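This is upload.cif (mmCIF, C-alpha atoms).
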```cif
data_protein
#
loop_
_atom_site.label_atom_id
_atom_site.label_comp_id
_atom_site.auth_asym_id
_atom_site.auth_seq_id
_atom_site.Cartn_x
_atom_site.Cartn_y
_atom_site.Cartn_z
CA MET J 875 70.53 131.61 68.07
CA SER J 876 72.63 133.48 65.49
CA SER J 877 74.59 130.27 64.83
CA ILE J 878 71.31 128.44 64.17
CA ARG J 879 70.27 131.11 61.68
CA ALA J 880 73.62 130.72 59.95
CA SER J 881 73.03 126.96 59.78
CA LEU J 882 69.54 127.55 58.38
CA SER J 883 70.97 129.61 55.53
CA SER J 884 73.37 126.82 54.57
CA VAL J 885 71.30 123.70 55.32
CA THR J 886 70.37 121.60 52.29
CA PRO J 887 66.92 120.15 51.48
CA THR J 888 68.16 116.72 52.56
CA GLU J 889 69.45 117.63 56.02
CA THR J 890 67.76 117.80 59.41
CA LEU J 891 68.43 121.04 61.26
CA GLU J 892 68.78 120.68 65.01
CA ILE J 893 67.56 123.69 66.98
CA GLU J 894 67.22 124.39 70.69
CA ASN J 895 65.36 122.40 73.37
CA GLY J 896 65.58 119.11 71.47
CA LEU J 897 63.61 120.45 68.50
CA SER J 898 64.55 119.89 64.87
CA LEU J 899 63.38 120.87 61.39
CA VAL J 900 63.04 117.72 59.28
CA PRO J 901 62.96 117.84 55.45
CA ARG J 902 60.34 116.00 53.45
CA LEU J 903 58.81 115.88 49.98
CA LYS J 904 55.03 116.08 49.72
CA LEU J 905 53.15 115.08 46.57
CA VAL J 906 49.43 115.48 45.88
CA LEU J 907 47.81 112.48 44.17
CA THR J 908 44.68 112.41 42.02
CA ILE J 909 43.40 109.06 40.74
CA TYR J 910 41.27 108.55 37.62
CA ARG J 911 39.76 105.57 35.83
CA SER J 912 41.67 104.60 32.70
CA ASP J 913 39.23 102.01 31.31
CA LEU J 914 35.48 101.57 30.92
CA SER J 915 35.03 99.70 34.17
CA VAL J 916 32.60 101.03 36.77
CA ASN J 917 33.98 98.95 39.63
CA PRO J 918 34.77 101.06 42.73
CA ILE J 919 38.39 101.65 43.67
CA ASP J 920 39.78 99.69 46.60
CA GLU J 921 41.97 102.13 48.57
CA TRP J 922 43.93 99.37 50.32
CA GLN J 923 44.70 97.56 47.07
CA PHE J 924 45.70 100.80 45.36
CA LYS J 925 48.05 101.73 48.21
CA ASN J 926 49.76 98.35 48.15
CA SER J 927 50.06 98.42 44.37
CA LEU J 928 51.60 101.90 44.39
CA LEU J 929 53.98 101.04 47.24
CA ASP J 930 55.14 97.97 45.30
CA TYR J 931 55.66 100.12 42.22
CA LEU J 932 57.72 102.63 44.21
CA LYS J 933 59.80 99.82 45.67
CA ASN J 934 60.45 97.87 42.47
CA SER J 935 60.11 100.24 39.51
CA ILE J 936 61.64 103.53 40.66
CA SER J 937 65.28 103.83 41.72
CA ILE J 938 64.84 105.17 45.23
CA SER J 939 66.94 103.58 47.97
CA TYR J 940 64.32 104.27 50.61
CA ILE J 941 61.28 102.16 51.44
CA ILE J 942 58.27 104.43 51.93
CA PRO J 943 56.23 103.35 54.99
CA GLU J 944 52.56 102.57 54.48
CA GLU J 945 51.52 105.44 56.75
CA ASP J 946 53.26 107.95 54.46
CA LEU J 947 50.89 107.13 51.60
CA ILE J 948 47.33 108.34 52.19
CA VAL J 949 44.51 107.51 49.76
CA HIS J 950 40.80 108.34 50.07
CA LYS J 951 38.08 107.59 47.55
CA TYR J 952 35.38 110.14 46.83
CA LYS J 953 32.09 109.32 48.50
CA ASP J 954 29.90 110.51 45.61
CA LEU J 955 31.33 108.15 42.97
CA LYS J 956 27.89 107.30 41.56
CA LYS J 957 27.25 110.97 40.81
CA ARG J 958 30.63 111.56 39.15
CA LYS J 959 31.29 111.63 35.43
CA ARG J 960 33.63 109.06 33.92
CA GLU J 961 36.38 111.65 33.44
CA ASP J 962 36.18 112.83 37.06
CA PRO J 963 38.71 111.56 39.62
CA VAL J 964 37.64 108.64 41.81
CA ALA J 965 40.15 109.12 44.63
CA TYR J 966 42.75 111.51 45.99
CA GLY J 967 45.70 111.30 48.33
CA VAL J 968 49.10 112.42 49.53
CA LEU J 969 52.53 110.81 49.31
CA TYR J 970 55.34 111.80 51.68
CA VAL J 971 59.04 111.08 51.22
CA ARG J 972 60.46 111.92 54.63
CA ASP J 973 63.98 110.48 54.44
CA LEU J 974 65.92 112.38 51.79
CA GLY J 975 69.35 111.44 53.08
CA PHE J 976 69.72 108.83 50.35
CA LEU J 977 70.30 111.68 47.89
CA ASN J 978 73.68 112.20 49.51
CA ARG J 979 74.70 108.62 48.76
CA ASN J 980 73.21 107.60 45.43
CA LYS J 981 74.70 107.83 41.95
CA PHE J 982 72.80 111.01 41.32
CA ASN J 983 75.28 113.01 43.38
CA LYS J 984 78.55 111.09 43.12
CA GLU J 985 79.94 113.13 40.26
CA TYR J 986 79.21 116.28 42.25
CA GLU J 987 80.73 115.04 45.51
CA ASP J 988 83.62 117.54 45.57
CA GLU J 989 81.39 120.46 44.66
CA VAL J 990 78.82 119.51 47.31
CA LYS J 991 81.49 119.71 49.97
CA LYS J 992 82.37 123.22 48.85
CA LYS J 993 78.94 124.58 48.00
CA LYS J 994 75.74 123.10 49.38
CA VAL J 995 73.81 124.98 46.76
CA ASP J 996 74.83 122.24 44.31
CA LEU J 997 72.96 119.68 46.39
CA GLU J 998 69.91 121.94 46.39
CA LYS J 999 70.05 121.91 42.60
CA LYS J 1000 70.39 118.13 42.57
CA PHE J 1001 67.43 117.81 44.94
CA VAL J 1002 65.22 119.85 42.62
CA GLU J 1003 66.34 117.77 39.63
CA TRP J 1004 65.67 114.51 41.49
CA ARG J 1005 62.30 115.78 42.74
CA ASP J 1006 61.16 116.82 39.26
CA SER J 1007 62.39 113.51 37.81
CA PHE J 1008 60.59 111.56 40.55
CA VAL J 1009 57.33 113.40 39.86
CA GLU J 1010 57.72 112.88 36.10
CA LYS J 1011 58.17 109.12 36.56
CA LEU J 1012 55.08 108.84 38.77
CA ASP J 1013 52.76 111.19 36.91
CA GLY J 1014 50.58 109.36 34.41
CA ILE J 1015 51.36 105.78 35.45
CA GLU J 1016 48.58 103.19 35.27
CA LEU J 1017 48.01 100.60 37.98
CA SER J 1018 45.87 97.52 37.39
CA LEU J 1019 43.84 96.25 40.35
CA LYS J 1020 42.42 92.84 39.48
CA GLY J 1021 42.03 93.88 35.86
CA VAL J 1022 40.65 97.35 36.61
CA LYS J 1023 43.02 100.13 35.53
CA PHE J 1024 43.52 103.45 37.30
CA LYS J 1025 45.66 106.39 36.22
CA LEU J 1026 47.68 108.49 38.66
CA ASN J 1027 48.17 112.25 38.45
CA VAL J 1028 50.97 113.65 40.62
CA LYS J 1029 51.73 117.28 41.47
CA ILE J 1030 53.90 119.23 43.87
CA PRO J 1031 51.72 121.51 46.04
CA LYS J 1032 52.31 125.20 45.35
CA THR J 1033 53.06 125.71 49.03
CA ASP J 1034 55.90 123.17 48.80
CA ASP J 1035 57.51 124.55 45.66
CA PHE J 1036 60.03 127.05 47.02
CA GLU J 1037 61.15 128.33 43.62
CA LEU J 1038 57.53 128.99 42.61
CA LEU J 1039 56.83 130.76 45.89
CA LYS J 1040 60.00 132.81 45.52
CA LYS J 1041 59.02 133.86 41.99
CA PHE J 1042 55.52 134.81 43.13
CA TRP J 1043 56.92 136.76 46.07
CA GLU J 1044 59.40 138.67 43.89
CA GLU J 1045 56.75 139.51 41.29
CA TYR J 1046 54.28 140.62 43.93
CA TYR J 1047 56.98 142.64 45.67
CA ALA J 1048 57.98 144.30 42.40
CA PHE J 1049 54.53 145.13 41.02
CA ASN J 1050 52.19 145.31 43.99
CA SER J 1051 53.20 147.09 47.17
CA LYS J 1052 49.73 147.04 48.75
CA GLY J 1053 49.86 145.83 52.33
CA TYR J 1054 53.56 146.56 52.72
CA SER J 1055 55.22 149.01 55.03
CA SER J 1056 58.38 150.95 54.32
CA ARG J 1057 61.29 150.61 56.73
CA GLY J 1058 64.64 152.24 56.10
CA GLY J 1059 63.79 152.98 52.48
CA ARG J 1060 62.92 149.33 51.76
CA GLN J 1061 59.50 147.80 51.35
CA GLN J 1062 58.99 144.80 53.59
CA PRO J 1063 55.98 142.70 54.55
CA ASP J 1064 54.41 144.10 57.69
CA THR J 1065 53.01 140.82 59.00
CA LEU J 1066 53.31 137.14 58.15
CA VAL J 1067 50.32 135.06 59.24
CA VAL J 1068 50.74 131.32 59.83
CA ARG J 1069 47.59 129.19 59.95
CA GLY J 1070 46.62 125.54 60.09
CA LEU J 1071 49.57 124.17 62.04
CA PRO J 1072 48.76 121.46 64.63
CA SER J 1073 48.93 122.90 68.14
CA ARG J 1074 50.76 119.77 69.35
CA TRP J 1075 53.78 120.85 67.32
CA PHE J 1076 54.27 123.71 69.76
CA ALA J 1077 53.55 121.86 73.00
CA GLU J 1078 55.97 120.74 75.70
CA PRO J 1079 54.95 117.05 76.05
CA ARG J 1080 56.20 116.72 79.62
CA VAL J 1081 54.46 119.92 80.71
CA SER J 1082 51.19 120.27 78.81
CA SER J 1083 49.44 119.35 75.58
CA LYS J 1084 48.69 123.02 74.96
CA PRO J 1085 50.94 125.24 72.80
CA SER J 1086 53.97 126.61 74.63
CA MET J 1087 55.19 130.17 74.14
CA LEU J 1088 58.77 128.99 74.69
CA VAL J 1089 58.57 126.28 72.03
CA SER J 1090 56.78 128.58 69.57
CA HIS J 1091 59.36 131.33 70.07
CA THR J 1092 62.24 128.86 69.72
CA ILE J 1093 60.93 127.53 66.40
CA PHE J 1094 60.01 130.80 64.71
CA SER J 1095 63.02 132.76 65.92
CA VAL J 1096 65.16 130.43 63.79
CA PHE J 1097 63.78 132.21 60.73
CA GLY J 1098 64.42 135.74 61.98
CA LYS J 1099 63.65 138.35 64.60
CA ILE J 1100 60.23 138.17 66.23
CA ARG J 1101 58.64 141.54 66.93
#
```

Structure rendered as structure tokens:
Amino acid sequence: MSSIRASLSSVTPTETLEIENGLSLVPRLKLVLTIYRSDLSVNPIDEWQFKNSLLDYLKNSISISYIIPEEDLIVHKYKDLKKRKREDPVAYGVLYVRDLGFLNRNKFNKEYEDEVKKKKVDLEKKFVEWRDSFVEKLDGIELSLKGVKFKLNVKIPKTDDFELLKKFWEEYYAFNSKGYSSRGGRQQPDTLVVRGLPSRWFAEPRVSSKPSMLVSHTIFSVFGKIR
């Protein structure tokens, strides 16, 4: 297990980390989508047409050597569209980029190839730069569906922005010690609570569909000692 923890500390955002019992931690980029009208039309948005239009845009207009599957783009229109103001969003969704291995091969990293071999932290930096550039290219684009225009707003969820979480954690740790316990002269969080994870993630498929203590322990022990 100590070797897995060592691997975790050095794994890059583009690599899959294999852990015990056939389990693995797979990287992915998650983006939150908000869709607005960008013209005076009152025609309702067609989710299927919007998905296809956005997938075509991703395939043909943005330099990403990875075809995003249809199931990794989720779009839902709001049900109360008739009650919404013109400036309110008409739909929302999520876009996943699950295969980040192409970042190891594209032009974005070639000039850093030698450094990446020596320090994986360079690839982490390149990932953040690519991610921010990808979001910038998508945010604010307009898609026309049979003459009706819609504008896309794209954001990285706060829970997926490691640097933002790290900054928040450090500031909270520095200025607010409430809820912390002191061990060995250092303030540390007493308890970390994890909610909202699908129970099937922790099941042993061949044994039961219910969460398994063994699987749960195997996964979380990768991140540190479990008390």

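For the choices J:Val885, J:Leu1017, J:Leu928, J:Val968, the atom-to-atom distance to Asp946 (chain J) is smallest for J:Val968 when using all atoms listed in the file.
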
Q) Interatomic distance between CA of Ile1030 (chain J) and CA of Val906 (chain J)? A)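 Computing the Euclidean distance for CA of Ile1030 (chain J) and CA of Val906 (chain J) yields 6.2 Å.
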
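Nearest to Gly1021 (chain J) of all the residues J:Ser912, J:Thr890, J:Asn934, J:Ser898 is J:Ser912, counting only C-alpha atoms.
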
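Straight-line separation from CA of Asn1027 (chain J) to CA of Lys953 (chain J): 19.2 Å.
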
Query - Å distance separating CA of Pro1072 (chain J) from CA of Ile909 (chain J), one decimal place - result: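 These atoms are spaced 27.4 Å apart.
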